[in-house]
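Visitor: Contents of query_35.cif (mmCIF, C-alpha atoms) are below:
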data_target
loop_
_atom_site.label_atom_id
_atom_site.label_comp_id
_atom_site.auth_asym_id
_atom_site.auth_seq_id
_atom_site.Cartn_x
_atom_site.Cartn_y
_atom_site.Cartn_z
CA MET E 24 132.77 83.85 -35.24
CA SER E 25 134.63 82.80 -32.15
CA PHE E 26 134.39 79.49 -30.32
CA ASN E 27 132.12 79.29 -27.31
CA LEU E 28 132.09 76.50 -24.79
CA HIS E 29 128.70 74.76 -24.54
CA PRO E 30 126.75 75.81 -21.38
CA ASP E 31 126.79 72.17 -20.09
CA LEU E 32 130.60 72.22 -20.14
CA VAL E 33 130.72 75.66 -18.55
CA ARG E 34 128.49 74.32 -15.76
CA ASP E 35 130.39 71.06 -15.12
CA GLY E 36 133.95 72.04 -15.94
CA ILE E 37 136.70 74.16 -14.48
CA ASP E 38 138.89 75.81 -17.11
CA LEU E 39 142.54 74.74 -16.76
CA GLY E 40 143.96 76.37 -19.86
CA GLN E 41 144.48 75.19 -23.38
CA LEU E 42 146.58 73.25 -25.82
CA PRO E 43 146.99 74.43 -29.44
CA LEU E 44 143.58 72.95 -30.41
CA CYS E 45 141.80 71.96 -27.21
CA ARG E 46 140.48 73.69 -24.15
CA ILE E 47 141.29 71.62 -21.02
CA LEU E 48 138.53 71.29 -18.45
CA LEU E 49 138.54 69.59 -15.06
CA ILE E 50 135.14 68.05 -14.35
CA ASN E 51 134.05 69.19 -10.90
CA ASP E 52 133.82 65.70 -9.39
CA ALA E 53 136.44 64.74 -6.83
CA ASN E 54 135.54 61.04 -7.16
CA TYR E 55 137.99 60.70 -10.07
CA PRO E 56 140.66 62.80 -11.79
CA TRP E 57 138.33 63.51 -14.74
CA PHE E 58 139.22 65.88 -17.55
CA VAL E 59 137.81 66.74 -20.93
CA LEU E 60 139.57 68.06 -23.99
CA VAL E 61 137.34 70.29 -26.11
CA PRO E 62 138.54 71.14 -29.63
CA GLN E 63 137.94 74.85 -30.08
CA ARG E 64 135.97 74.54 -33.27
CA ARG E 65 132.38 75.53 -33.93
CA ASN E 66 129.58 73.10 -34.75
CA ILE E 67 131.50 69.86 -34.20
CA ARG E 68 129.69 66.99 -32.54
CA ASP E 69 131.53 63.81 -33.54
CA MET E 70 135.26 63.35 -33.99
CA ILE E 71 134.69 62.58 -37.66
CA ASP E 72 133.17 66.04 -38.10
CA LEU E 73 136.66 67.50 -37.58
CA THR E 74 138.90 68.15 -40.58
CA GLU E 75 141.63 65.55 -40.99
CA ASP E 76 144.24 68.02 -39.70
CA ASP E 77 142.19 68.87 -36.61
CA TYR E 78 141.48 65.18 -35.99
CA THR E 79 145.20 64.44 -36.09
CA GLN E 80 145.93 67.37 -33.80
CA LEU E 81 143.25 66.22 -31.33
CA TYR E 82 144.84 62.78 -31.09
CA GLN E 83 148.32 64.14 -30.68
CA GLU E 84 147.09 66.38 -27.87
CA SER E 85 145.12 63.50 -26.36
CA ARG E 86 148.19 61.25 -26.39
CA LEU E 87 150.45 63.78 -24.71
CA PHE E 88 147.76 64.80 -22.25
CA SER E 89 147.13 61.12 -21.42
CA GLN E 90 150.81 60.44 -20.83
CA MET E 91 151.01 63.49 -18.62
CA LEU E 92 147.92 62.47 -16.63
CA MET E 93 149.19 58.97 -15.93
CA ILE E 94 152.48 60.37 -14.68
CA ALA E 95 150.92 63.15 -12.61
CA PHE E 96 148.13 61.04 -11.07
CA LYS E 97 149.77 57.60 -11.07
CA GLY E 98 146.57 55.90 -12.21
CA ASP E 99 145.99 52.20 -12.75
CA LYS E 100 144.08 52.73 -16.01
CA LEU E 101 142.98 55.52 -18.28
CA ASN E 102 139.52 55.76 -19.83
CA VAL E 103 139.31 57.85 -23.01
CA ALA E 104 135.90 58.41 -24.56
CA ALA E 105 133.98 60.62 -26.93
CA LEU E 106 130.30 60.08 -26.11
CA GLY E 107 128.44 63.39 -26.21
CA ASN E 108 124.92 62.07 -26.52
CA VAL E 109 123.62 64.77 -24.19
CA THR E 110 125.96 67.71 -24.77
CA PRO E 111 126.15 68.47 -28.49
CA GLN E 112 129.71 69.81 -28.55
CA LEU E 113 132.61 67.42 -29.07
CA HIS E 114 134.44 66.78 -25.82
CA VAL E 115 136.78 63.88 -25.15
CA HIS E 116 136.77 62.43 -21.64
CA HIS E 117 140.09 61.46 -20.06
CA ILE E 118 139.51 59.76 -16.74
CA VAL E 119 142.25 58.40 -14.51
CA ARG E 120 140.99 55.22 -12.88
CA TYR E 121 142.15 53.39 -9.78
CA HIS E 122 141.45 49.84 -8.70
CA ASP E 123 139.88 51.28 -5.54
CA ASP E 124 137.84 54.14 -7.03
CA ILE E 125 134.12 54.03 -6.24
CA ALA E 126 132.97 52.94 -9.71
CA TRP E 127 135.78 50.47 -10.52
CA PRO E 128 135.72 48.45 -12.75
CA GLY E 129 132.61 49.93 -14.38
CA PRO E 130 132.45 53.07 -16.47
CA ILE E 131 131.95 56.18 -14.33
CA TRP E 132 128.99 57.78 -16.05
CA GLY E 133 125.75 57.85 -14.09
CA LYS E 134 127.15 55.83 -11.23
CA HIS E 135 127.63 58.25 -8.35
CA PRO E 136 126.66 61.88 -7.74
CA ALA E 137 129.44 64.36 -8.40
CA LYS E 138 131.47 65.37 -5.35
CA PRO E 139 132.53 69.01 -5.86
CA TYR E 140 136.15 69.94 -5.19
CA SER E 141 137.16 72.47 -2.56
CA PRO E 142 138.91 75.60 -3.90
CA GLU E 143 142.17 74.27 -2.40
CA GLN E 144 141.82 70.95 -4.22
CA ILE E 145 141.18 72.72 -7.52
CA GLU E 146 144.24 74.89 -7.01
CA GLY E 147 146.31 71.78 -6.27
CA ILE E 148 145.19 70.10 -9.50
CA ARG E 149 145.71 73.31 -11.45
CA GLN E 150 149.31 73.49 -10.28
CA LYS E 151 149.93 69.81 -10.94
CA ILE E 152 148.59 70.07 -14.50
CA LYS E 153 150.33 73.37 -15.17
CA GLY E 154 153.68 71.94 -14.18
CA ALA E 155 153.17 68.84 -16.27
CA LEU E 156 151.88 70.78 -19.31
CA TYR E 157 155.18 72.60 -19.69
CA ALA E 158 156.52 69.25 -20.84
CA ILE E 159 154.05 69.14 -23.77
CA PRO E 160 155.41 70.71 -26.98
CA ALA E 161 153.06 73.26 -28.58
CA MET B 5 155.06 35.44 -30.72
CA SER B 6 151.80 35.97 -32.49
CA PHE B 7 148.87 38.08 -31.39
CA ASN B 8 145.99 36.36 -29.61
CA LEU B 9 142.62 37.88 -28.97
CA HIS B 10 141.75 38.03 -25.25
CA PRO B 11 139.20 35.33 -24.23
CA ASP B 12 136.66 38.01 -23.17
CA LEU B 13 136.71 39.41 -26.70
CA VAL B 14 136.51 35.93 -28.23
CA ARG B 15 133.44 35.30 -26.06
CA ASP B 16 131.63 38.59 -26.78
CA GLY B 17 132.74 39.35 -30.30
CA ILE B 18 132.16 38.05 -33.81
CA ASP B 19 135.20 38.36 -36.07
CA LEU B 20 134.45 40.52 -39.12
CA GLY B 21 137.94 40.70 -40.58
CA GLN B 22 140.75 43.13 -40.19
CA LEU B 23 142.31 46.42 -41.15
CA PRO B 24 146.09 46.82 -41.45
CA LEU B 25 146.46 47.16 -37.66
CA CYS B 26 143.13 46.25 -36.08
CA ARG B 27 140.93 43.21 -35.86
CA ILE B 28 137.26 44.20 -36.31
CA LEU B 29 134.76 42.58 -33.97
CA LEU B 30 130.99 42.87 -33.85
CA ILE B 31 129.76 42.68 -30.26
CA ASN B 32 126.98 40.12 -30.10
CA ASP B 33 124.30 42.51 -28.88
CA ALA B 34 121.56 43.42 -31.33
CA ASN B 35 120.50 46.39 -29.17
CA TYR B 36 123.05 48.58 -30.93
CA PRO B 37 125.42 48.38 -33.92
CA TRP B 38 128.41 47.93 -31.60
CA PHE B 39 131.91 47.19 -32.87
CA VAL B 40 135.38 47.10 -31.40
CA LEU B 41 138.70 47.66 -33.08
CA VAL B 42 141.51 45.64 -31.49
CA PRO B 43 145.09 46.58 -32.44
CA GLN B 44 146.88 43.30 -33.11
CA ARG B 45 149.74 43.94 -30.74
CA ARG B 46 150.72 42.00 -27.66
CA ASN B 47 150.59 43.34 -24.11
CA ILE B 48 148.89 46.64 -24.84
CA ARG B 49 146.29 47.87 -22.40
CA ASP B 50 146.04 51.64 -22.87
CA MET B 51 146.26 53.57 -26.12
CA ILE B 52 149.37 55.31 -24.81
CA ASP B 53 151.07 51.90 -24.55
CA LEU B 54 151.12 51.77 -28.37
CA THR B 55 154.15 53.07 -30.26
CA GLU B 56 153.57 56.47 -31.84
CA ASP B 57 153.27 54.86 -35.29
CA ASP B 58 150.71 52.30 -34.11
CA TYR B 59 148.79 55.00 -32.24
CA THR B 60 148.59 57.07 -35.40
CA GLN B 61 147.54 54.03 -37.42
CA LEU B 62 144.82 53.15 -34.87
CA TYR B 63 143.33 56.62 -35.17
CA GLN B 64 143.46 56.60 -38.93
CA GLU B 65 141.66 53.25 -38.95
CA SER B 66 139.19 54.46 -36.33
CA ARG B 67 138.38 57.56 -38.39
CA LEU B 68 137.76 55.64 -41.60
CA PHE B 69 135.84 52.91 -39.78
CA SER B 70 133.71 55.55 -38.05
CA GLN B 71 132.91 57.31 -41.30
CA MET B 72 131.97 53.99 -42.84
CA LEU B 73 129.75 53.03 -39.89
CA MET B 74 127.81 56.28 -39.93
CA ILE B 75 127.16 55.87 -43.64
CA ALA B 76 126.27 52.17 -43.42
CA PHE B 77 124.07 52.42 -40.32
CA LYS B 78 122.79 56.00 -40.65
CA GLY B 79 123.23 56.67 -36.93
CA ASP B 80 122.36 59.83 -35.04
CA LYS B 81 125.59 59.78 -33.01
CA LEU B 82 128.74 57.75 -32.66
CA ASN B 83 130.28 56.79 -29.32
CA VAL B 84 134.00 56.01 -29.43
CA ALA B 85 135.68 54.81 -26.25
CA ALA B 86 138.71 53.01 -24.91
CA LEU B 87 137.75 51.82 -21.43
CA GLY B 88 139.12 48.32 -20.83
CA ASN B 89 138.89 48.26 -17.04
CA VAL B 90 137.74 44.64 -17.10
CA THR B 91 139.36 43.19 -20.22
CA PRO B 92 143.09 43.89 -20.17
CA GLN B 93 143.63 44.06 -23.94
CA LEU B 94 143.21 47.38 -25.72
CA HIS B 95 139.95 47.50 -27.63
CA VAL B 96 138.23 50.62 -28.89
CA HIS B 97 134.44 50.65 -28.85
CA HIS B 98 132.60 52.18 -31.80
CA ILE B 99 128.89 52.27 -31.11
CA VAL B 100 126.30 53.69 -33.48
CA ARG B 101 123.63 55.39 -31.43
CA TYR B 102 120.04 56.34 -32.29
CA HIS B 103 117.74 58.77 -30.55
CA ASP B 104 115.35 55.86 -30.01
CA ASP B 105 117.80 53.14 -28.91
CA ILE B 106 117.06 51.59 -25.51
CA ALA B 107 119.87 53.29 -23.62
CA TRP B 108 119.68 56.75 -25.26
CA PRO B 109 121.02 59.23 -24.22
CA GLY B 110 123.08 57.36 -21.62
CA PRO B 111 126.20 55.31 -22.28
CA ILE B 112 125.35 51.72 -23.18
CA TRP B 113 127.57 49.81 -20.74
CA GLY B 114 125.80 47.90 -18.03
CA LYS B 115 122.37 49.16 -19.04
CA HIS B 116 120.62 46.26 -20.69
CA PRO B 117 121.38 42.57 -21.13
CA ALA B 118 122.92 41.69 -24.48
CA LYS B 119 120.44 40.53 -27.12
CA PRO B 120 122.25 37.95 -29.30
CA TYR B 121 121.96 38.26 -33.06
CA SER B 122 120.46 35.55 -35.24
CA PRO B 123 122.87 33.98 -37.77
CA GLU B 124 120.96 35.80 -40.54
CA GLN B 125 121.41 39.16 -38.82
CA ILE B 126 125.14 38.53 -38.40
CA GLU B 127 125.47 37.65 -42.06
CA GLY B 128 123.60 40.84 -42.99
CA ILE B 129 125.97 42.98 -40.95
CA ARG B 130 128.99 41.09 -42.27
CA GLN B 131 127.95 41.88 -45.84
CA LYS B 132 127.18 45.49 -45.04
CA ILE B 133 130.59 46.01 -43.40
CA LYS B 134 132.45 44.06 -46.06
CA GLY B 135 130.97 46.18 -48.81
CA ALA B 136 131.76 49.39 -46.98
CA LEU B 137 135.31 48.30 -46.06
CA TYR B 138 136.32 48.09 -49.71
CA ALA B 139 136.12 51.87 -49.67
CA ILE B 140 138.80 52.07 -46.95
CA PRO B 141 142.33 52.36 -48.31
CA ALA B 142 144.75 49.82 -46.79
#
How does this structure look as structure tokens?
Guide:
Amino acid sequence: MSFNLHPDLVRDGIDLGQLPLCRILLINDANYPWFVLVPQRRNIRDMIDLTEDDYTQLYQESRLFSQMLMIAFKGDKLNVAALGNVTPQLHVHHIVRYHDDIAWPGPIWGKHPAKPYSPEQIEGIRQKIKGALYAIPA
Amino acid sequence: MSFNLHPDLVRDGIDLGQLPLCRILLINDANYPWFVLVPQRRNIRDMIDLTEDDYTQLYQESRLFSQMLMIAFKGDKLNVAALGNVTPQLHVHHIVRYHDDIAWPGPIWGKHPAKPYSPEQIEGIRQKIKGALYAIPA
């Protein structure tokens, strides 16, 4: 059976394409450049539920994606987290943080209501990510 | 020069020993089984600041430590996160979560004041971890 994105992630995320293992989503909150990587595997909730090969692949993709994000968005800090207490499908947050973002220096979750992007902003991020992703080997 | 634990981590953490790369700390908050792995490398703030070899080693240690934690503490969910906005030394949170813990299903940071362990509780956790760590290959 094929992989389906959990309805919570469909609701909150904007599909930006995929890496060999992971779907890349932009969370629709213009307060922060906030992305999630979702390994396209069924019935996985925690990272340790992945096979060793998939786990390794996830972290290679996470590393390259992180490097790309920090170059593209010139952040001060990156937050990487697998929480998933509410949405029972493994998704790894990658959030570019700035010393002057509205939640700094706290974690972002539950702090401020999401501020939806305009279609133009989404297109801008899509192009920025697309350009940078060409640099990531498959 | 040798590695020194950041003063914030010395203040909040109880040293439980080490893996080949990481120091293992128990955060002194009995609300949750909450640990951090700290790669013993100088001047590293984000995971992507690690060399590729160290990055790989961190994730191997994190995987084995996570598996061990979920067996030892029989949690419902594991939260794994590298945030570090306040403390500028890379440390990776590993928090065992339960459906009835006081912050569930939210993230734990900034929710409730820390509840210090008694010396007996710390010793109990130390023994539990020590026993389980023997199963982790060096």
Visitor: Could you list, as a PyMOL selection string, the residues of chain B having an atom within 10 Å of chain E when counting all atoms listed in the file?
Guide: chain B and resi 49-53+56+59-60+63-64+66-71+74+80-92+96-99+101-103+108-114
Visitor: Where does the PyMOL selection byres ((chain B and resi 20) around 8) land in this file, that is, which residues does it pick, as a PDB file with C-alpha atoms, in the coordinates of the input?
Guide:
ATOM      1  CA  ILE B  18     132.160  38.050 -33.810  1.00  0.00           C
ATOM      2  CA  ASP B  19     135.200  38.360 -36.070  1.00  0.00           C
ATOM      3  CA  GLY B  21     137.940  40.700 -40.580  1.00  0.00           C
ATOM      4  CA  GLN B  22     140.750  43.130 -40.190  1.00  0.00           C
ATOM      5  CA  ARG B  27     140.930  43.210 -35.860  1.00  0.00           C
ATOM      6  CA  ILE B  28     137.260  44.200 -36.310  1.00  0.00           C
ATOM      7  CA  LEU B  29     134.760  42.580 -33.970  1.00  0.00           C
ATOM      8  CA  LEU B  30     130.990  42.870 -33.850  1.00  0.00           C
ATOM      9  CA  ARG B 130     128.990  41.090 -42.270  1.00  0.00           C
ATOM     10  CA  ILE B 133     130.590  46.010 -43.400  1.00  0.00           C
TER      11      ILE B 133
END
Visitor: Which distance in Å separates atom CA of E:Ala53 and atom CA of E:Ala137, to one decimal?
Guide: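 Between atom CA of E:Ala53 and atom CA of E:Ala137 the gap is 7.2 Å.
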Visitor: Taking the file as shown, what set of residues would the PyMOL selection byres ((chain E and resi 66) around 12) give back, as number ranges by chain?
Guide: E: 24-29, 61-65, 67-70, 72-73, 110-114
Visitor: Which distance in Å separates atom CA of B:Ala76 and atom CA of B:Ser122, to one decimal?
Guide: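 Here the two named atoms are 19.4 Å from each other.
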Visitor: What separation in Å, quoted to one decimal, exists between atom CA of B:Gly79 and atom CA of B:Asp104?
Guide: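 Rounded to one decimal, the two atoms are 10.5 Å apart.
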Visitor: Which residues, named as in the file, does the PyMOL selection byres ((chain B and resi 32) around 12) pick out? Answer as a VMD selection string.
Guide: chain B and resid 13 to 20 29 to 31 33 to 40 117 to 123 125 to 126 129
Visitor: Those selected residues, please, written with C-alpha atoms and delivered as a PDB file, in the frame of the given file.
Guide:
ATOM      1  CA  LEU B  13     136.710  39.410 -26.700  1.00  0.00           C
ATOM      2  CA  VAL B  14     136.510  35.930 -28.230  1.00  0.00           C
ATOM      3  CA  ARG B  15     133.440  35.300 -26.060  1.00  0.00           C
ATOM      4  CA  ASP B  16     131.630  38.590 -26.780  1.00  0.00           C
ATOM      5  CA  GLY B  17     132.740  39.350 -30.300  1.00  0.00           C
ATOM      6  CA  ILE B  18     132.160  38.050 -33.810  1.00  0.00           C
ATOM      7  CA  ASP B  19     135.200  38.360 -36.070  1.00  0.00           C
ATOM      8  CA  LEU B  20     134.450  40.520 -39.120  1.00  0.00           C
ATOM      9  CA  LEU B  29     134.760  42.580 -33.970  1.00  0.00           C
ATOM     10  CA  LEU B  30     130.990  42.870 -33.850  1.00  0.00           C
ATOM     11  CA  ILE B  31     129.760  42.680 -30.260  1.00  0.00           C
ATOM     12  CA  ASP B  33     124.300  42.510 -28.880  1.00  0.00           C
ATOM     13  CA  ALA B  34     121.560  43.420 -31.330  1.00  0.00           C
ATOM     14  CA  ASN B  35     120.500  46.390 -29.170  1.00  0.00           C
ATOM     15  CA  TYR B  36     123.050  48.580 -30.930  1.00  0.00           C
ATOM     16  CA  PRO B  37     125.420  48.380 -33.920  1.00  0.00           C
ATOM     17  CA  TRP B  38     128.410  47.930 -31.600  1.00  0.00           C
ATOM     18  CA  PHE B  39     131.910  47.190 -32.870  1.00  0.00           C
ATOM     19  CA  VAL B  40     135.380  47.100 -31.400  1.00  0.00           C
ATOM     20  CA  PRO B 117     121.380  42.570 -21.130  1.00  0.00           C
ATOM     21  CA  ALA B 118     122.920  41.690 -24.480  1.00  0.00           C
ATOM     22  CA  LYS B 119     120.440  40.530 -27.120  1.00  0.00           C
ATOM     23  CA  PRO B 120     122.250  37.950 -29.300  1.00  0.00           C
ATOM     24  CA  TYR B 121     121.960  38.260 -33.060  1.00  0.00           C
ATOM     25  CA  SER B 122     120.460  35.550 -35.240  1.00  0.00           C
ATOM     26  CA  PRO B 123     122.870  33.980 -37.770  1.00  0.00           C
ATOM     27  CA  GLN B 125     121.410  39.160 -38.820  1.00  0.00           C
ATOM     28  CA  ILE B 126     125.140  38.530 -38.400  1.00  0.00           C
ATOM     29  CA  ILE B 129     125.970  42.980 -40.950  1.00  0.00           C
TER      30      ILE B 129
END
Visitor: Pick from B:Ala136, B:Lys115, B:Leu41, B:Ala107: nearest to B:Phe77, with only C-alpha atoms counted?
Guide: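 Residue with the minimum atom-to-atom distance to B:Phe77: B:Ala136.
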